[in-house]
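A.B. asks: One file is attached below, input-v3.pdb, containing PDB, C-alpha atoms.
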MODEL        1
ATOM      1  CA  MET A   1     -13.786 -34.701  91.505
ATOM      2  CA  LYS A   2     -15.201 -31.878  89.393
ATOM      3  CA  GLU A   3     -17.515 -32.638  86.508
ATOM      4  CA  SER A   4     -16.005 -31.863  83.102
ATOM      5  CA  LEU A   5     -17.601 -28.831  81.500
ATOM      6  CA  PRO A   6     -19.280 -29.154  78.113
ATOM      7  CA  LYS A   7     -17.364 -27.866  75.081
ATOM      8  CA  PHE A   8     -18.679 -25.062  72.901
ATOM      9  CA  ASP A   9     -19.502 -25.830  69.284
ATOM     10  CA  SER A  10     -19.224 -22.439  67.572
ATOM     11  CA  THR A  11     -16.474 -21.967  64.993
ATOM     12  CA  PHE A  12     -14.722 -18.696  64.205
ATOM     13  CA  SER A  13     -13.600 -17.519  60.802
ATOM     14  CA  ILE A  14     -11.866 -14.500  59.298
ATOM     15  CA  ASP A  15     -13.010 -12.616  56.201
ATOM     16  CA  CYS A  16     -10.716 -10.012  54.639
ATOM     17  CA  VAL A  17     -12.145  -6.947  52.891
ATOM     18  CA  VAL A  18      -9.151  -5.533  51.018
ATOM     19  CA  PHE A  19      -9.632  -2.380  48.950
ATOM     20  CA  GLY A  20      -7.253  -1.094  46.293
ATOM     21  CA  PHE A  21      -7.276   1.962  44.034
ATOM     22  CA  ASP A  22      -5.982   1.785  40.484
ATOM     23  CA  GLU A  23      -6.481   3.952  37.388
ATOM     24  CA  GLY A  24      -9.443   5.783  38.867
ATOM     25  CA  GLU A  25     -11.233   2.660  40.093
ATOM     26  CA  LEU A  26     -11.889   1.412  43.618
ATOM     27  CA  LYS A  27     -11.342  -2.350  43.633
ATOM     28  CA  ILE A  28     -11.966  -5.222  46.040
ATOM     29  CA  LEU A  29      -9.853  -8.351  46.356
ATOM     30  CA  LEU A  30     -11.752 -11.587  45.642
ATOM     31  CA  ILE A  31     -10.867 -15.257  45.368
ATOM     32  CA  GLU A  32     -12.442 -17.995  43.275
ATOM     33  CA  ARG A  33     -13.242 -20.813  45.691
ATOM     34  CA  ASN A  34     -12.017 -24.307  44.916
ATOM     35  CA  GLU A  35     -13.903 -26.177  47.654
ATOM     36  CA  GLU A  36     -17.470 -26.802  48.732
ATOM     37  CA  PRO A  37     -19.633 -25.151  49.815
ATOM     38  CA  PHE A  38     -19.876 -22.563  47.037
ATOM     39  CA  LYS A  39     -17.164 -24.162  44.915
ATOM     40  CA  ASP A  40     -16.358 -22.030  41.826
ATOM     41  CA  TRP A  41     -18.013 -18.973  43.405
ATOM     42  CA  TRP A  42     -16.273 -15.674  43.975
ATOM     43  CA  ALA A  43     -15.782 -14.743  47.615
ATOM     44  CA  LEU A  44     -13.808 -12.553  49.971
ATOM     45  CA  PRO A  45     -10.548 -14.154  51.152
ATOM     46  CA  GLY A  46     -11.597 -16.026  54.288
ATOM     47  CA  ASN A  47     -11.249 -19.247  56.256
ATOM     48  CA  ILE A  48     -11.442 -20.821  59.695
ATOM     49  CA  VAL A  49      -9.335 -19.532  62.590
ATOM     50  CA  GLY A  50      -6.656 -22.008  63.667
ATOM     51  CA  GLU A  51      -6.963 -23.497  67.153
ATOM     52  CA  ARG A  52      -3.622 -22.089  68.294
ATOM     53  CA  GLU A  53      -3.771 -18.784  66.424
ATOM     54  CA  SER A  54      -4.812 -15.333  67.542
ATOM     55  CA  LEU A  55      -7.337 -13.562  65.310
ATOM     56  CA  ASP A  56      -4.658 -11.250  63.888
ATOM     57  CA  GLN A  57      -2.374 -14.209  63.154
ATOM     58  CA  SER A  58      -5.213 -15.997  61.376
ATOM     59  CA  ALA A  59      -6.046 -12.930  59.298
ATOM     60  CA  SER A  60      -2.445 -12.615  58.089
ATOM     61  CA  ARG A  61      -2.140 -16.342  57.357
ATOM     62  CA  ILE A  62      -5.448 -16.559  55.507
ATOM     63  CA  LEU A  63      -4.689 -13.553  53.316
ATOM     64  CA  ARG A  64      -1.228 -14.945  52.533
ATOM     65  CA  GLU A  65      -2.467 -18.462  51.718
ATOM     66  CA  LEU A  66      -5.391 -17.336  49.545
ATOM     67  CA  THR A  67      -3.837 -14.372  47.727
ATOM     68  CA  GLY A  68      -0.069 -14.453  48.249
ATOM     69  CA  LEU A  69      -0.077 -11.009  49.886
ATOM     70  CA  THR A  70       2.146 -10.566  52.939
ATOM     71  CA  ASN A  71       2.902  -7.826  55.452
ATOM     72  CA  ILE A  72      -0.495  -6.184  54.952
ATOM     73  CA  TYR A  73      -1.793  -4.128  57.862
ATOM     74  CA  MET A  74      -5.452  -4.972  58.544
ATOM     75  CA  GLU A  75      -7.928  -3.835  61.182
ATOM     76  CA  GLN A  76     -11.008  -5.542  62.586
ATOM     77  CA  PHE A  77     -14.187  -3.642  61.755
ATOM     78  CA  TYR A  78     -17.235  -5.869  62.338
ATOM     79  CA  THR A  79     -18.429  -9.291  63.521
ATOM     80  CA  PHE A  80     -21.001 -11.320  61.600
ATOM     81  CA  GLY A  81     -22.827 -13.936  63.642
ATOM     82  CA  ASP A  82     -26.201 -14.772  62.112
ATOM     83  CA  VAL A  83     -27.119 -18.347  63.023
ATOM     84  CA  ASN A  84     -27.605 -19.636  59.467
ATOM     85  CA  ARG A  85     -24.845 -17.763  57.654
ATOM     86  CA  HIS A  86     -22.909 -20.996  56.936
ATOM     87  CA  PRO A  87     -24.486 -24.277  55.687
ATOM     88  CA  GLN A  88     -22.201 -26.455  57.846
ATOM     89  CA  GLY A  89     -23.131 -24.959  61.193
ATOM     90  CA  ARG A  90     -22.677 -21.939  63.436
ATOM     91  CA  VAL A  91     -19.741 -19.873  62.177
ATOM     92  CA  VAL A  92     -18.995 -16.431  63.583
ATOM     93  CA  SER A  93     -16.856 -14.332  61.253
ATOM     94  CA  ILE A  94     -14.583 -11.476  62.280
ATOM     95  CA  ALA A  95     -14.124  -9.126  59.332
ATOM     96  CA  TYR A  96     -10.874  -7.254  58.722
ATOM     97  CA  TYR A  97     -10.283  -4.480  56.227
ATOM     98  CA  ALA A  98      -7.228  -2.993  54.532
ATOM     99  CA  LEU A  99      -6.422  -0.281  51.998
ATOM    100  CA  LEU A 100      -3.640  -0.874  49.452
ATOM    101  CA  ARG A 101      -1.846   1.074  46.760
ATOM    102  CA  LEU A 102      -2.074  -0.970  43.587
ATOM    103  CA  GLY A 103       0.639  -1.027  41.001
ATOM    104  CA  GLY A 104       2.029  -4.415  40.016
ATOM    105  CA  GLU A 105       4.385  -4.781  42.929
ATOM    106  CA  LYS A 106       1.692  -6.712  44.802
ATOM    107  CA  SER A 107       1.208  -9.769  42.590
ATOM    108  CA  LEU A 108      -1.550 -12.211  43.476
ATOM    109  CA  LYS A 109      -0.704 -15.895  43.718
ATOM    110  CA  PRO A 110      -2.721 -18.209  45.998
ATOM    111  CA  MET A 111      -0.539 -20.597  47.993
ATOM    112  CA  SER A 112      -3.411 -22.940  48.904
ATOM    113  CA  ASN A 113      -5.652 -25.173  46.776
ATOM    114  CA  TYR A 114      -8.568 -23.618  48.666
ATOM    115  CA  ALA A 115      -8.511 -20.799  46.084
ATOM    116  CA  LYS A 116      -8.238 -21.229  42.312
ATOM    117  CA  GLN A 117      -7.211 -17.634  41.805
ATOM    118  CA  ALA A 118      -7.241 -14.192  43.404
ATOM    119  CA  TYR A 119      -8.410 -11.165  41.460
ATOM    120  CA  TRP A 120      -8.989  -7.412  41.866
ATOM    121  CA  ARG A 121     -12.552  -6.499  40.883
ATOM    122  CA  ASN A 122     -14.126  -3.070  40.429
ATOM    123  CA  VAL A 123     -16.566  -2.517  43.310
ATOM    124  CA  LYS A 124     -19.170  -1.326  40.792
ATOM    125  CA  ASP A 125     -19.039  -4.614  38.883
ATOM    126  CA  LEU A 126     -19.143  -7.382  41.461
ATOM    127  CA  PRO A 127     -20.355 -10.916  40.718
ATOM    128  CA  LYS A 128     -22.699 -12.722  43.086
ATOM    129  CA  LEU A 129     -20.647 -13.597  46.157
ATOM    130  CA  ALA A 130     -20.621 -16.733  48.319
ATOM    131  CA  PHE A 131     -22.162 -16.922  51.809
ATOM    132  CA  ASP A 132     -23.059 -13.437  53.139
ATOM    133  CA  HIS A 133     -19.968 -11.866  51.622
ATOM    134  CA  GLN A 134     -21.982  -9.222  49.780
ATOM    135  CA  GLN A 135     -23.171  -7.963  53.155
ATOM    136  CA  ILE A 136     -19.626  -8.059  54.556
ATOM    137  CA  PHE A 137     -18.310  -6.136  51.537
ATOM    138  CA  GLU A 138     -21.040  -3.497  51.874
ATOM    139  CA  LYS A 139     -20.284  -3.067  55.578
ATOM    140  CA  GLY A 140     -16.602  -2.620  54.728
ATOM    141  CA  LEU A 141     -17.444  -0.010  52.087
ATOM    142  CA  GLU A 142     -19.577   1.863  54.642
ATOM    143  CA  LYS A 143     -16.591   1.801  56.985
ATOM    144  CA  ILE A 144     -14.193   3.502  54.588
ATOM    145  CA  LYS A 145     -16.879   5.990  53.462
ATOM    146  CA  ARG A 146     -17.268   7.136  57.062
ATOM    147  CA  ARG A 147     -13.567   7.077  57.815
ATOM    148  CA  ILE A 148     -12.430   9.034  54.764
ATOM    149  CA  LYS A 149     -14.425  12.031  56.013
ATOM    150  CA  HIS A 150     -12.430  12.216  59.243
ATOM    151  CA  GLN A 151      -9.078  10.523  58.688
ATOM    152  CA  PRO A 152      -6.536  10.706  55.839
ATOM    153  CA  ILE A 153      -7.023   7.166  54.558
ATOM    154  CA  ALA A 154      -7.141   8.385  50.933
ATOM    155  CA  PHE A 155      -3.351   8.711  51.026
ATOM    156  CA  GLU A 156      -3.035   4.989  51.728
ATOM    157  CA  LEU A 157      -4.487   4.339  48.257
ATOM    158  CA  LEU A 158      -2.280   6.781  46.328
ATOM    159  CA  PRO A 159       1.354   6.693  45.194
ATOM    160  CA  GLU A 160       3.804   8.534  47.429
ATOM    161  CA  LYS A 161       3.738  11.427  44.943
ATOM    162  CA  PHE A 162       0.313  12.429  43.629
ATOM    163  CA  THR A 163      -1.638  15.258  42.050
ATOM    164  CA  LEU A 164      -4.626  17.031  43.566
ATOM    165  CA  THR A 165      -6.736  15.573  40.759
ATOM    166  CA  GLN A 166      -5.720  12.058  41.763
ATOM    167  CA  LEU A 167      -6.528  12.847  45.388
ATOM    168  CA  GLN A 168      -9.951  14.215  44.477
ATOM    169  CA  ASN A 169     -10.597  11.163  42.336
ATOM    170  CA  VAL A 170     -10.110   8.872  45.364
ATOM    171  CA  TYR A 171     -12.664  10.839  47.372
ATOM    172  CA  GLU A 172     -15.181  10.894  44.538
ATOM    173  CA  VAL A 173     -14.921   7.154  43.892
ATOM    174  CA  ILE A 174     -15.248   6.169  47.562
ATOM    175  CA  LEU A 175     -18.016   8.665  48.368
ATOM    176  CA  ASN A 176     -19.680   7.977  44.990
ATOM    177  CA  LYS A 177     -20.333  11.637  44.265
ATOM    178  CA  LYS A 178     -18.839  14.509  42.282
ATOM    179  CA  LEU A 179     -16.963  17.155  44.278
ATOM    180  CA  ASP A 180     -16.419  20.772  43.285
ATOM    181  CA  LYS A 181     -12.819  21.026  42.073
ATOM    182  CA  ARG A 182     -12.095  24.528  43.357
ATOM    183  CA  ASN A 183     -13.589  23.983  46.805
ATOM    184  CA  PHE A 184     -11.914  20.593  47.214
ATOM    185  CA  ARG A 185      -8.462  21.953  46.405
ATOM    186  CA  LYS A 186      -8.889  25.014  48.594
ATOM    187  CA  LYS A 187      -9.987  22.893  51.535
ATOM    188  CA  MET A 188      -7.245  20.292  51.132
ATOM    189  CA  LEU A 189      -4.485  22.879  50.870
ATOM    190  CA  SER A 190      -5.862  24.799  53.873
ATOM    191  CA  PHE A 191      -5.157  21.836  56.181
ATOM    192  CA  GLY A 192      -1.427  22.307  55.692
ATOM    193  CA  VAL A 193      -0.671  18.579  55.464
ATOM    194  CA  LEU A 194       0.161  18.485  51.744
ATOM    195  CA  LYS A 195       3.781  19.171  50.827
ATOM    196  CA  ASP A 196       4.326  20.828  47.434
ATOM    197  CA  LEU A 197       7.250  18.894  45.921
ATOM    198  CA  GLU A 198       7.888  21.529  43.246
ATOM    199  CA  GLU A 199       7.793  18.708  40.722
ATOM    200  CA  LYS A 200       5.521  18.083  37.755
ATOM    201  CA  GLN A 201       4.055  14.892  36.338
ATOM    202  CA  GLN A 202       6.260  13.130  33.830
ATOM    203  CA  GLY A 203       5.333  11.438  30.568
ATOM    204  CA  VAL A 204       1.772  12.778  30.243
ATOM    205  CA  SER A 205       0.200  14.047  27.013
ATOM    206  CA  PHE A 206      -1.736  16.799  28.787
ATOM    207  CA  ARG A 207      -0.539  19.745  30.863
ATOM    208  CA  ALA A 208       1.575  18.337  33.675
ATOM    209  CA  ALA A 209       0.190  18.958  37.168
ATOM    210  CA  THR A 210       2.095  19.691  40.368
ATOM    211  CA  LEU A 211       2.980  16.713  42.551
ATOM    212  CA  TYR A 212       2.321  16.641  46.298
ATOM    213  CA  LYS A 213       3.209  14.408  49.212
ATOM    214  CA  PHE A 214       1.248  13.747  52.409
ATOM    215  CA  ASP A 215       3.138  15.056  55.439
ATOM    216  CA  LYS A 216       2.391  12.456  58.117
ATOM    217  CA  ARG A 217       4.426  14.198  60.816
ATOM    218  CA  LYS A 218       2.666  17.496  60.298
ATOM    219  CA  TYR A 219      -0.703  15.772  60.293
ATOM    220  CA  ALA A 220       0.075  14.014  63.595
ATOM    221  CA  LYS A 221       1.322  17.254  65.150
ATOM    222  CA  LEU A 222      -1.602  19.410  64.032
ATOM    223  CA  PHE A 223      -4.557  17.077  64.142
ATOM    224  CA  GLY A 224      -3.714  14.001  66.191
ATOM    225  CA  LYS A 225      -6.092  11.287  65.080
ATOM    226  CA  GLU A 226      -8.835  13.175  63.281
ATOM    227  CA  ILE A 227      -9.211  15.736  60.536
ATOM    228  CA  SER A 228     -12.537  16.987  59.238
ATOM    229  CA  PHE A 229     -12.866  16.622  55.502
TER
ENDMDL
END
Would you mind giving the structure from this file in structure tokens?

C.D. replies:
Amino acid sequence: MKESLPKFDSTFSIDCVVFGFDEGELKILLIERNEEPFKDWWALPGNIVGERESLDQSASRILRELTGLTNIYMEQFYTFGDVNRHPQGRVVSIAYYALLRLGGEKSLKPMSNYAKQAYWRNVKDLPKLAFDHQQIFEKGLEKIKRRIKHQPIAFELLPEKFTLTQLQNVYEVILNKKLDKRNFRKKMLSFGVLKDLEEKQQGVSFRAATLYKFDKRKYAKLFGKEISF
């Protein structure tokens, strides 16, 4: 008869780093915790992986329960495994990130008592976060700063129809630097992946700008997976 093998004690969790762009601001989705440890603290949406769940299933469930958001595409981007990162024992966290267009159609309403509320917060005005969530947030921000230089993720944060000024604004906010307007527009238009809709902005007090749309098919055909911005 074989000896029974010892069980492992490590626990796995998911933390969701969800970015949104609204009115010229890059925002991060936070929850106000309603349980110890760190009760009443702000934190990234996160919790323990269920015993019978895959990591992706857990990520979707946790985001839904703590914020009310559903059908959000998220990708894994880093694993945090410092020994003392959680006061109750060894917890290894798999971090996921997502980019969302904000607008009111994605209302936040926690479905679990684990979170008092969910809230979009400007990344430049964050409160002190629970656990090592500041580090996780910063790693997520590094991720999108690197990715925006090579892949068209900026379009995931914009409305379907946008102006070149709005597009430049996304780049400036994420990269945290001012870009030359003329050079930016020339470069973006040279890629051939922006479709001029021959429409102008509506209901603005200033001179209406031309609206564009990102041509995903053309991008895939011309560049495959990468484009150098």

A.B. asks: Enter the distance from CA of Leu126 (chain A) to CA of Phe184 (chain A), in Å, rounded to one decimal.

C.D. replies: 29.5 Å

A.B. asks: Produce a table with one row for each residue of region 95-199 of chain A that has an atom at most 7 Å from any atom of region 7-22 of chain A, each row naming the nearest atom pair and its distance in Å at one decimal; use all atoms listed in the file; arrange rows by chain and rising residue number; format as a tab-separated table.

C.D. replies:
residue	atom	partner	partner_atom	distance
A:Ala95	CA	A:Asp15	CA	4.8
A:Tyr96	CA	A:Cys16	CA	4.9
A:Tyr97	CA	A:Val17	CA	4.5
A:Ala98	CA	A:Val18	CA	4.7
A:Leu99	CA	A:Phe19	CA	4.9
A:Leu100	CA	A:Gly20	CA	4.8
A:Arg101	CA	A:Gly20	CA	5.8
A:Leu102	CA	A:Asp22	CA	5.7
A:Phe137	CA	A:Val17	CA	6.4
A:Gly140	CA	A:Val17	CA	6.5
A:Leu157	CA	A:Phe21	CA	5.6

A.B. asks: I need the residue nearest Gln135 (chain A) from this list: A:Thr70, A:Thr79, A:Gln151, A:Ser54. Use all atoms listed in the file for the distance.

C.D. replies: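 Ranked by minimum distance to Gln135 (chain A), first place goes to A:Thr79.
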
A.B. asks: Step by step, work through what the PyMOL selection byres ((chain A and resi 162) around 9) selects in the shown file, and finish by giving those residues as a VMD selection string.

C.D. replies: chain A and resid 158 to 161 163 to 167 201 210 to 214

A.B. asks: Please provide the set of residues having any atom within 12 Å of region 176-179 of chain A, restricted to all atoms listed in the file, with same-chain residues fewer than 6 positions apart removed, written as a list in words.

C.D. replies: Glu25, Leu26, Val123, Lys124, Leu141, Glu142, Ile144, Lys145, Thr165, Leu167, Gln168, Asn169, Val170, Arg185, Lys187 and Phe229 of chain A

A.B. asks: Quick one, how far is CA of Lys116 (chain A) from CA of Ile31 (chain A)?

C.D. replies: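 Distance reported for this atom pair: 7.2 Å.
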
A.B. asks: What gap, in Å, lies between CA of Gln134 (chain A) and CA of Asp82 (chain A)?

C.D. replies: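 Atom-to-atom, CA of Gln134 (chain A) and CA of Asp82 (chain A) are spaced 14.2 Å apart.
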
A.B. asks: Measuring between all atoms listed in the file, which one of A:Tyr171, A:Tyr78, A:Tyr114, A:Trp42 shows the shortest distance to Ile136 (chain A)?

C.D. replies: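 The answer is A:Tyr78, which sits nearest to Ile136 (chain A).
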
A.B. asks: So which one's closest to Phe80 (chain A), A:Lys139, A:Arg207, A:Arg61, A:Lys195? Using only C-alpha atoms, please.

C.D. replies: A:Lys139

A.B. asks: I'd like the contact shell of Ile62 (chain A) - 9 Å cut-off, all atoms listed in the file, skipping same-chain residues fewer than 2 positions apart - returned as a list in words.

C.D. replies: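 Here the qualifying residues turn out to be Ile14, Asp15, Cys16, Pro45, Gly46, Asn47, Ile48, Val49, Gln57, Ser58, Ala59, Ser60, Arg64, Glu65, Leu66 and Thr67 of chain A.
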
A.B. asks: What does the PyMOL selection byres ((chain A and resi 120) around 8) select in this file, as number ranges by chain?

C.D. replies: A: 20, 27-30, 118-119, 121-122

A.B. asks: Hey, which of A:Ala43, A:Arg90, A:Gly24, A:Gln117 ends up closest to Ile174 (chain A)? Count only C-alpha atoms.

C.D. replies: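 Under the stated criterion, the closest residue is A:Gly24.
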
A.B. asks: What's the 10 Å shell around Ala130 (chain A), counting only C-alpha atoms, without same-chain residues fewer than 2 positions away, as a list in words?

C.D. replies: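 Contacts, with the query itself left out: Glu32, Arg33, Pro37, Phe38, Lys39, Asp40, Trp41, Trp42, Ala43, Leu44, His86, Pro127, Lys128, Asp132, His133 and Gln134 of chain A.
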
A.B. asks: For a quick check of understanding, using only C-alpha atoms, which of A:Asp56, A:Ile72, A:Asn34, A:Val92 has the smallest distance to Asn113 (chain A)?

C.D. replies: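 Between A:Asp56, A:Ile72, A:Asn34, A:Val92, the residue approaching Asn113 (chain A) most closely is A:Asn34.
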
A.B. asks: Edge lengths and centre in Å to one decimal, as AutoDock Vina command-line options, is what I'm after for the box along x, y and z that holds all listed atoms of region 40-49 of chain A once 5 Å is added on each side.

C.D. replies:
--center_x -13.7 --center_y -17.3 --center_z 52.2 --size_x 18.7 --size_y 19.5 --size_z 30.8

A.B. asks: Could you check which of A:Lys109, A:Gln202, A:Gly192, A:Gly89 is closest to Arg217 (chain A), using all atoms listed in the file?

C.D. replies: A:Gly192
